[in-house]
Structure formats: structure tokens, C-alpha cells
$ cat input.txt   # compact mmCIF, C-alpha atoms
# COMPACT_ATOMS: atom_id res chain seq x y z
CA MET A 1 -4.19 -5.41 -26.51
CA LYS A 2 -5.49 -7.26 -23.46
CA LYS A 3 -8.04 -5.42 -21.38
CA TYR A 4 -8.84 -6.14 -17.74
CA ASN A 5 -11.76 -5.51 -15.42
CA LEU A 6 -11.55 -2.58 -13.05
CA ALA A 7 -11.18 -3.06 -9.31
CA ALA A 8 -14.08 -1.79 -7.19
CA SER A 9 -12.05 1.24 -6.03
CA GLN A 10 -11.18 2.11 -9.64
CA LYS A 11 -14.85 1.92 -10.64
CA LEU A 12 -15.86 4.15 -7.75
CA LEU A 13 -13.32 6.82 -8.65
CA LEU A 14 -14.18 6.62 -12.35
CA TYR A 15 -17.95 6.88 -11.76
CA PHE A 16 -17.39 9.78 -9.37
CA GLN A 17 -15.30 11.59 -11.99
CA LEU A 18 -17.80 10.86 -14.77
CA LEU A 19 -20.67 12.21 -12.66
CA ASN A 20 -18.67 15.36 -11.90
CA ARG A 21 -17.09 15.93 -15.32
CA LYS A 22 -16.75 19.67 -14.98
CA THR A 23 -15.07 19.50 -11.58
CA SER A 24 -11.68 18.54 -10.27
CA TYR A 25 -12.94 16.61 -7.23
CA GLY A 26 -10.57 13.80 -6.48
CA ASN A 27 -7.49 15.43 -8.00
CA ILE A 28 -4.50 14.92 -5.76
CA CYS A 29 -1.52 17.23 -6.10
CA GLY A 30 1.68 17.35 -4.15
CA SER A 31 5.30 18.26 -4.46
CA LEU A 32 8.65 17.65 -2.90
CA THR A 33 11.73 19.79 -2.90
CA ILE A 34 15.25 18.54 -3.43
CA GLN A 35 17.43 20.82 -1.33
CA GLU A 36 20.46 20.64 -3.62
CA LYS A 37 21.17 21.44 -7.26
CA VAL A 38 19.12 19.21 -9.50
CA ASP A 39 20.24 17.77 -12.81
CA PHE A 40 16.80 18.00 -14.40
CA GLU A 41 17.80 15.94 -17.46
CA LYS A 42 18.88 13.03 -15.24
CA LEU A 43 15.75 13.40 -13.12
CA LYS A 44 13.63 13.34 -16.28
CA LYS A 45 15.35 10.12 -17.39
CA ALA A 46 14.78 8.61 -13.94
CA ILE A 47 11.06 9.49 -13.95
CA ASN A 48 10.69 8.03 -17.45
CA LEU A 49 12.46 4.86 -16.31
CA ILE A 50 10.06 4.52 -13.36
CA VAL A 51 7.09 4.85 -15.70
CA GLU A 52 8.62 2.41 -18.19
CA LYS A 53 9.23 -0.27 -15.55
CA ASN A 54 5.96 0.18 -13.65
CA ASP A 55 2.81 -1.09 -15.37
CA SER A 56 0.56 0.73 -12.93
CA MET A 57 1.97 4.07 -14.12
CA ARG A 58 0.92 3.17 -17.68
CA THR A 59 -2.61 2.09 -16.77
CA ARG A 60 -5.28 3.55 -19.01
CA LEU A 61 -9.03 3.28 -18.59
CA CYS A 62 -11.35 2.83 -21.55
CA PHE A 63 -14.94 2.04 -22.40
CA THR A 64 -15.71 -1.09 -24.44
CA VAL A 65 -18.89 -2.90 -25.41
CA PHE A 66 -18.32 -4.89 -22.20
CA GLY A 67 -18.17 -1.77 -20.01
CA PHE A 68 -15.22 0.01 -18.49
CA LYS A 69 -11.89 -1.78 -18.73
CA GLN A 70 -8.22 -1.03 -18.16
CA TYR A 71 -5.13 -1.78 -20.16
CA PHE A 72 -1.42 -1.09 -19.93
CA GLU A 73 -0.14 1.30 -22.56
CA ASP A 74 3.22 0.59 -24.14
CA PHE A 75 5.87 2.93 -22.80
CA LYS A 76 6.59 6.10 -24.74
CA GLU A 77 9.11 8.54 -23.33
CA PHE A 78 7.41 11.78 -22.37
CA ASP A 79 8.72 15.28 -21.89
CA ILE A 80 8.40 16.95 -18.50
CA GLU A 81 7.73 20.67 -18.28
CA ILE A 82 10.07 22.74 -16.13
CA ILE A 83 8.51 25.81 -14.51
CA ASN A 84 10.84 28.44 -13.08
CA VAL A 85 9.70 29.66 -9.66
CA LYS A 86 11.14 32.04 -7.09
CA THR A 87 9.39 31.11 -3.86
CA ASP A 88 7.43 28.32 -2.18
CA ASP A 89 4.34 30.51 -2.58
CA ASP A 90 4.84 30.35 -6.36
CA VAL A 91 4.82 26.55 -6.12
CA LYS A 92 1.66 26.56 -3.99
CA LYS A 93 -0.12 28.79 -6.51
CA ILE A 94 0.81 26.46 -9.37
CA GLU A 95 -0.20 23.40 -7.32
CA ASP A 96 -3.59 25.03 -6.73
CA ILE A 97 -4.03 25.60 -10.47
CA ILE A 98 -3.00 22.03 -11.29
CA SER A 99 -5.22 20.49 -8.62
CA HIS A 100 -8.21 22.27 -10.14
CA GLU A 101 -7.57 21.12 -13.72
CA VAL A 102 -10.38 19.03 -15.15
CA PHE A 103 -9.15 16.03 -17.11
CA SER A 104 -10.60 12.90 -18.61
CA MET A 105 -9.77 9.62 -16.95
CA LEU A 106 -10.51 7.73 -20.17
CA ASN A 107 -7.69 6.87 -22.59
CA SER A 108 -5.26 9.29 -20.99
CA PRO A 109 -2.47 9.25 -18.42
CA LEU A 110 -3.68 9.19 -14.83
CA PHE A 111 -0.79 11.33 -13.58
CA LYS A 112 1.11 14.47 -14.47
CA VAL A 113 4.71 15.39 -13.68
CA ILE A 114 6.03 18.96 -13.66
CA PHE A 115 9.39 20.13 -12.39
CA PHE A 116 9.75 23.35 -10.43
CA LYS A 117 13.12 25.04 -10.66
CA TYR A 118 14.26 27.64 -8.16
CA PRO A 119 16.87 30.29 -9.12
CA ASP A 120 19.57 28.44 -7.11
CA GLY A 121 19.07 25.25 -9.16
CA THR A 122 17.16 23.34 -6.48
CA GLY A 123 13.71 22.11 -7.31
$ encode --input "input.txt" --output "C-alpha cells"
Amino acid sequence: MKKYNLAASQKLLLYFQLLNRKTSYGNICGSLTIQEKVDFEKLKKAINLIVEKNDSMRTRLCFTVFGFKQYFEDFKEFDIEIINVKTDDDVKKIEDIISHEVFSMLNSPLFKVIFFKYPDGTG
């Protein structure tokens, strides 16, 4: 598997995260709401297709004897969790929890997708 050097901005973010391992500084979390009934199975397939066709979504960072490098992981379909919510405040609470999760930037996905589903089928 071919490995590539990191861009300066990638190095900066990685070093920042490594120096602050027990924090969630730098996590970015956001959501959007589709104001009509959502076919979550079709949306899941669409998200997987975006990841499959976009190398940057499959970028992984690793440490080698030559320092930090990046590579593009082969696509593997992934499941997306659906969380049932009742209000926008429920979504904000979950976003707050997610944005404070501590995760490793090495050898793992650099994004997370979760679906929120309201009682009326929007999400």
C-alpha cells in the first residue's frame, strides 16, 4: 500500500491532537435536517457511495519508520447508526456528546456519520 507525506495542515492538526490526547479539541460536529420523510436505507447507500468514490474520505494516517504518513484505505461498506430523537434539543445534546468524544487520528476513520430520526420520519 502506497503511503504519502502529510501536508503541513495535516501535520499541524495531528501534532495538536497527539499533544492533547485526552481532549476533544479540534473535533468538528454539525448536522443538517431534511424536512421531509427520509428513506434512511437509500441515504445510507448514498453516503457509502460518496465515501467509496472519494479518496479523501478514506484517508488514514499512520506512523512509519519514516514518520507520519497517509494512505487511502480500500472501501468497505459501513453501517450508520440511527438515533431516534424527538426535538432539536435532543439533537444538540447528542452533538455535544459527539463533539467531546476523544478518538485516535491514527489508523482510523477521520469522520463519523450518525442519522437522527424524528417521529415524523424526517431527519
$ residues_around --input "input.txt" --residues "stretch 96-105 of chain A" --least-positions-apart "3" --cutoff "10 Å" --atoms "all atoms listed in the file" --output "list in words"
Leu13, Leu14, Gln17, Leu18, Asn20, Arg21, Lys22, Thr23, Ser24, Tyr25, Gly26, Asn27, Ile28, Cys29, Gly30, Arg60, Leu61, Cys62, Asp90, Val91, Lys92, Lys93, Ser108, Pro109, Leu110, Phe111, Lys112 and Ile114 of chain A
$ closest_residue --input "input.txt" --among "A:Leu49, A:Asp55, A:Ser31, A:Asn107" --to "A:Ile94" --atoms "all atoms listed in the file"
A:Ser31
$ atom_distance --input "input.txt" --atom1 "atom CA of A:Ala7" --atom2 "atom CA of A:Asn48"
25.8 Å
$ atom_distance --input "input.txt" --atom1 "atom CA of A:Ser9" --atom2 "atom CA of A:Tyr71"
16.0 Å
$ atom_distance --input "input.txt" --atom1 "atom CA of A:Glu52" --atom2 "atom CA of A:Phe72"
10.8 Å
$ closest_residue --input "input.txt" --among "A:Ala8, A:Val38, A:Leu19, A:Ala46" --to "A:Glu77" --atoms "all atoms listed in the file"
A:Ala46
$ closest_residue --input "input.txt" --among "A:Phe68, A:Glu41, A:Tyr118, A:Tyr15" --to "A:Ile80" --atoms "all atoms listed in the file"
A:Glu41
$ closest_residue --input "input.txt" --among "A:Lys117, A:Lys3, A:Lys37, A:Lys45" --to "A:Asp79" --atoms "only C-alpha atoms"
A:Lys45
$ closest_residue --input "input.txt" --among "A:Phe75, A:Asp39, A:Lys44, A:Asn5" --to "A:Arg58" --atoms "all atoms listed in the file"
A:Phe75
$ closest_residue --input "input.txt" --among "A:Thr122, A:Thr59, A:Thr87, A:Gln70" --to "A:Leu6" --atoms "only C-alpha atoms"
A:Gln70
$ decode --input "input.txt" --residues "stretch 57-71 of chain A" --atoms "all heavy atoms" --output "short mmCIF file (atom, residue, chain, number, x, y, z; two decimals), in the first residue's frame"
data_model
loop_
_atom_site.label_atom_id
_atom_site.label_comp_id
_atom_site.auth_asym_id
_atom_site.auth_seq_id
_atom_site.Cartn_x
_atom_site.Cartn_y
_atom_site.Cartn_z
N MET A 57 -12.14 10.79 1.74
CA MET A 57 -12.96 10.27 2.83
C MET A 57 -12.38 8.96 3.39
O MET A 57 -12.77 8.53 4.46
CB MET A 57 -14.39 10.01 2.35
CG MET A 57 -15.13 11.24 1.88
SD MET A 57 -15.47 12.42 3.20
CE MET A 57 -16.67 11.53 4.16
N ARG A 58 -11.49 8.35 2.64
CA ARG A 58 -10.87 7.09 3.08
C ARG A 58 -9.41 7.28 3.48
O ARG A 58 -8.65 6.33 3.59
CB ARG A 58 -11.00 6.04 1.97
CG ARG A 58 -12.46 5.62 1.76
CD ARG A 58 -12.64 4.56 0.70
NE ARG A 58 -12.54 5.15 -0.65
CZ ARG A 58 -11.51 4.99 -1.48
NH1 ARG A 58 -10.49 4.24 -1.15
NH2 ARG A 58 -11.51 5.56 -2.67
N THR A 59 -9.02 8.53 3.71
CA THR A 59 -7.66 8.83 4.14
C THR A 59 -7.46 8.33 5.56
O THR A 59 -8.30 8.54 6.43
CB THR A 59 -7.39 10.34 4.09
OG1 THR A 59 -7.58 10.81 2.77
CG2 THR A 59 -5.98 10.66 4.56
N ARG A 60 -6.35 7.65 5.77
CA ARG A 60 -5.96 7.21 7.10
C ARG A 60 -4.54 7.71 7.35
O ARG A 60 -3.71 7.76 6.44
CB ARG A 60 -5.98 5.68 7.22
CG ARG A 60 -7.32 5.04 6.92
CD ARG A 60 -8.37 5.40 7.95
NE ARG A 60 -9.63 4.75 7.68
CZ ARG A 60 -10.64 5.29 7.01
NH1 ARG A 60 -10.53 6.52 6.52
NH2 ARG A 60 -11.76 4.64 6.82
N LEU A 61 -4.27 8.05 8.59
CA LEU A 61 -2.94 8.50 8.99
C LEU A 61 -2.28 7.36 9.76
O LEU A 61 -2.94 6.62 10.48
CB LEU A 61 -3.04 9.74 9.87
CG LEU A 61 -3.82 10.91 9.30
CD1 LEU A 61 -3.88 12.06 10.30
CD2 LEU A 61 -3.25 11.37 7.98
N CYS A 62 -0.96 7.24 9.58
CA CYS A 62 -0.24 6.18 10.28
C CYS A 62 1.17 6.66 10.60
O CYS A 62 1.63 7.68 10.10
CB CYS A 62 -0.19 4.92 9.42
SG CYS A 62 0.70 5.11 7.85
N PHE A 63 1.83 5.91 11.45
CA PHE A 63 3.22 6.21 11.79
C PHE A 63 4.09 5.10 11.23
O PHE A 63 3.81 3.92 11.43
CB PHE A 63 3.40 6.31 13.31
CG PHE A 63 4.77 6.76 13.69
CD1 PHE A 63 5.14 8.09 13.54
CD2 PHE A 63 5.70 5.85 14.15
CE1 PHE A 63 6.42 8.50 13.87
CE2 PHE A 63 6.99 6.25 14.48
CZ PHE A 63 7.35 7.59 14.34
N THR A 64 5.13 5.48 10.49
CA THR A 64 6.07 4.53 9.92
C THR A 64 7.47 4.87 10.41
O THR A 64 7.66 5.87 11.11
CB THR A 64 6.05 4.59 8.38
OG1 THR A 64 6.67 5.81 7.96
CG2 THR A 64 4.63 4.51 7.83
N VAL A 65 8.44 4.08 10.02
CA VAL A 65 9.83 4.38 10.38
C VAL A 65 10.28 5.70 9.74
O VAL A 65 11.27 6.29 10.17
CB VAL A 65 10.79 3.24 9.98
CG1 VAL A 65 10.49 1.99 10.78
CG2 VAL A 65 10.74 2.96 8.50
N PHE A 66 9.55 6.18 8.76
CA PHE A 66 9.87 7.44 8.10
C PHE A 66 9.03 8.60 8.63
O PHE A 66 8.98 9.67 8.04
CB PHE A 66 9.67 7.31 6.59
CG PHE A 66 10.51 6.23 5.98
CD1 PHE A 66 9.93 5.05 5.55
CD2 PHE A 66 11.89 6.36 5.89
CE1 PHE A 66 10.70 4.03 5.01
CE2 PHE A 66 12.67 5.35 5.36
CZ PHE A 66 12.07 4.17 4.91
N GLY A 67 8.31 8.38 9.72
CA GLY A 67 7.47 9.42 10.31
C GLY A 67 6.01 9.21 9.96
O GLY A 67 5.61 8.14 9.51
N PHE A 68 5.23 10.24 10.16
CA PHE A 68 3.80 10.15 9.90
C PHE A 68 3.55 10.18 8.40
O PHE A 68 4.15 10.95 7.67
CB PHE A 68 3.05 11.30 10.58
CG PHE A 68 3.02 11.18 12.07
CD1 PHE A 68 3.81 12.00 12.85
CD2 PHE A 68 2.23 10.22 12.68
CE1 PHE A 68 3.80 11.88 14.23
CE2 PHE A 68 2.21 10.10 14.07
CZ PHE A 68 3.00 10.93 14.84
N LYS A 69 2.65 9.31 7.97
CA LYS A 69 2.28 9.21 6.55
C LYS A 69 0.77 9.07 6.46
O LYS A 69 0.08 8.90 7.46
CB LYS A 69 2.94 7.98 5.90
CG LYS A 69 4.45 7.98 5.90
CD LYS A 69 4.99 8.95 4.89
CE LYS A 69 6.51 8.87 4.83
NZ LYS A 69 7.06 9.77 3.86
N GLN A 70 0.27 9.13 5.24
CA GLN A 70 -1.15 8.89 4.99
C GLN A 70 -1.29 7.89 3.85
O GLN A 70 -0.40 7.75 3.01
CB GLN A 70 -1.86 10.20 4.65
CG GLN A 70 -1.38 10.87 3.39
CD GLN A 70 -2.08 12.19 3.15
OE1 GLN A 70 -3.30 12.28 3.26
NE2 GLN A 70 -1.31 13.22 2.81
N TYR A 71 -2.41 7.21 3.87
CA TYR A 71 -2.72 6.25 2.81
C TYR A 71 -4.22 6.27 2.60
O TYR A 71 -4.98 6.83 3.40
CB TYR A 71 -2.21 4.85 3.15
CG TYR A 71 -2.85 4.23 4.38
CD1 TYR A 71 -3.94 3.37 4.26
CD2 TYR A 71 -2.35 4.48 5.65
CE1 TYR A 71 -4.52 2.79 5.38
CE2 TYR A 71 -2.93 3.92 6.77
CZ TYR A 71 -4.01 3.08 6.63
OH TYR A 71 -4.59 2.52 7.73
#
